[in-house]
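Take a look at the structure set out below.
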Amino acid sequence: MNSSKKRELMLKAMDLRITGLKMVQKAHSGHIGGAFSMSELMAVLYFDKMNIRPEDPRWEDRDRFVLSKGHCTVALYPTLALRGFFDVSLLDTFRKIDGHLSGHAEMKYVPGVDMSTGSLGQGFSVAVGMAQGAKLAKKELTVYALMGDGEIQEGQIWEASMYAGAHGLDNLVAFVDSNKVQLDGTVKEVLDTGDLKAKFESFGFFTQSIDGHDVEAISDAIDRAKAEKGRPSMILLNTVKSKGISFMEGRHEWHGKTPNDEQFKAAFDELYARRAEMEG
């Protein structure tokens with residue numbers, strides 16, 4: 001990846017955070033923590049890797065993305081809007097009773113959302129089904145799926161993993177946003193999931209562990225995953241909850257908490273300052 005592309009994707013990730021924070025401020029609601037830890041991934045997928053057509057969201061041969069941790073629409077909706085699936089002004093309707101940008105991912109009314117999610121664990125099973133369906137239909141497409149590291153405490157994740165590995169779904173590229181923090185505390189405190197690399201490898205996945213805030217590392221890992229034949233891929237993203245806002249980083253309290261006016265100002269000041277530094 002050349003330096004110009006890397007800078008572009010880093011700036012895009014910061015734009016996703018700023019846009020998402022504006023959504024939360026207007027709605028007085030939304031999950032910041034897990035959305036901000038996945039910003040770099042969304043920038044790489046939607047602005048570099050995925051074969052998609054924003055002007056034709058239901059194009060049959062498109063790559064698919066399933067946000068299995070479906071509460072993190074503070075990252076998903078800004079990504080779709082900035083990529084051109086719908087007008088950015090619609091983000092002002094986030095979590096409004098008369099709008100369709102629900103707090104959890106909604107496919108029926110939101111262009112670009114490939115699966116409605118929010119019941120944790122279920123999205124990954126759907127992604128595995130999509131990958132199997134594409135194989136049966138002989139479609140040359142990639143299914144991407146993102147899970148949370150708290151979410152994978154759900155047993156359904158491991159049933160889906162068993163199926164994907166047993167059926168060699170090499171058109172499936174999955175991610176775990178391993179920010180180490182969930183709603184009630186750290187993952188280790190709530191229910192330690194252990195050595196994830198060893199676990200997914202035992203289910204037959206080609207597994208990589210990378211810095212989930214390094215756009216070049218993400219890009220390279222996706223390329224390696226797509227080159228792997230005969231088995232599905234899992235990319236473990238080592239990330240920081242609420243990345244980009246220092247007083248929120250790594251703290252479970254900010255899983256879904258709404259800042260007050262003073263905290264919003266401090267958060268925006270920090271994000272804009274970091275963005276300016278990247279541009280500089």
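Residue names in the structure tokens use chain letters A, B, ... in the order shown, residue numbers from 1 in each chain, and ligand numbers from 1 in the order shown.
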Could you give me, as a PyMOL selection string, the residues within 7 Å of A:Leu67, counting only C-alpha atoms and dropping anything in the same chain fewer than 4 positions from it? chain A and resi 117+123+145-147
Can you write just those residues out, all heavy atoms, as a PDB file, in the first residue's frame?
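Writing the result to result-v4.pdb gives the following:
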```pdb
ATOM      1  N   THR A 117     -29.258  -7.312  12.033  1.00  0.00           N
ATOM      2  CA  THR A 117     -28.572  -8.003  13.128  1.00  0.00           C
ATOM      3  C   THR A 117     -28.740  -7.230  14.436  1.00  0.00           C
ATOM      4  O   THR A 117     -29.164  -6.091  14.448  1.00  0.00           O
ATOM      5  CB  THR A 117     -27.071  -8.174  12.825  1.00  0.00           C
ATOM      6  OG1 THR A 117     -26.517  -6.904  12.438  1.00  0.00           O
ATOM      7  CG2 THR A 117     -26.836  -9.178  11.719  1.00  0.00           C
ATOM      8  N   GLY A 123     -25.707 -13.184  13.448  1.00  0.00           N
ATOM      9  CA  GLY A 123     -25.188 -12.627  12.196  1.00  0.00           C
ATOM     10  C   GLY A 123     -24.131 -13.498  11.550  1.00  0.00           C
ATOM     11  O   GLY A 123     -24.096 -13.665  10.325  1.00  0.00           O
ATOM     12  N   ALA A 145     -17.622 -10.819   7.495  1.00  0.00           N
ATOM     13  CA  ALA A 145     -18.447 -10.760   8.703  1.00  0.00           C
ATOM     14  C   ALA A 145     -17.601 -10.266   9.866  1.00  0.00           C
ATOM     15  O   ALA A 145     -16.435 -10.669  10.014  1.00  0.00           O
ATOM     16  CB  ALA A 145     -19.031 -12.127   9.027  1.00  0.00           C
ATOM     17  N   LEU A 146     -18.197  -9.410  10.680  1.00  0.00           N
ATOM     18  CA  LEU A 146     -17.494  -8.866  11.843  1.00  0.00           C
ATOM     19  C   LEU A 146     -18.238  -9.220  13.123  1.00  0.00           C
ATOM     20  O   LEU A 146     -19.434  -8.945  13.251  1.00  0.00           O
ATOM     21  CB  LEU A 146     -17.369  -7.345  11.725  1.00  0.00           C
ATOM     22  CG  LEU A 146     -16.770  -6.626  12.940  1.00  0.00           C
ATOM     23  CD1 LEU A 146     -15.336  -7.088  13.198  1.00  0.00           C
ATOM     24  CD2 LEU A 146     -16.815  -5.116  12.752  1.00  0.00           C
ATOM     25  N   MET A 147     -17.505  -9.814  14.059  1.00  0.00           N
ATOM     26  CA  MET A 147     -18.050 -10.144  15.372  1.00  0.00           C
ATOM     27  C   MET A 147     -17.328  -9.369  16.450  1.00  0.00           C
ATOM     28  O   MET A 147     -16.193  -8.918  16.266  1.00  0.00           O
ATOM     29  CB  MET A 147     -17.852 -11.648  15.644  1.00  0.00           C
ATOM     30  CG  MET A 147     -18.647 -12.553  14.738  1.00  0.00           C
ATOM     31  SD  MET A 147     -18.040 -14.255  14.807  1.00  0.00           S
ATOM     32  CE  MET A 147     -16.632 -14.150  13.691  1.00  0.00           C
TER      33      MET A 147
END
```
For stretch 165-271 of chain A versus stretch 60-63 of chain A, which residues have an atom no more than 12 Å away, and what is each residue's nearest atom pair and distance in Å rounded to one decimal, using only C-alpha atoms, chain-then-number order, as a tab-separated table?
```
residue	atom	partner	partner_atom	distance
A:Asn171	CA	A:Asp63	CA	9.8
A:Leu172	CA	A:Asp63	CA	10.2
A:Val173	CA	A:Asp63	CA	10.8
```
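The two atoms in question, atom CA of A:Asp15 and atom CA of A:Lys49, are spaced 18.0 Å apart.
Between A:Phe86 and the residues A:Ala225, A:Ile32, A:Gly112, A:Ser37, the shortest atom-to-atom distance, using only C-alpha atoms, involves A:Gly112.
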Could you work out how far atom CA of A:Ala217 lies from atom CA of A:Leu16, giving the answer in Å with one decimal?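 Atom-to-atom, atom CA of A:Leu16 to atom CA of A:Ala217, that is 18.9 Å.
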Fewer than 4 positions away in the same chain doesn't count, so skip those; otherwise give me all residues within 10 Å of A:Ser202, counting only C-alpha atoms, as a PyMOL selection string. chain A and resi 161-162+165+196-198+206-207
From stretch 16-102 of chain A, collect each residue whose DSSP state is strand (DSSP E or B) and return the set as a VMD selection string. chain A and resid 64 to 67
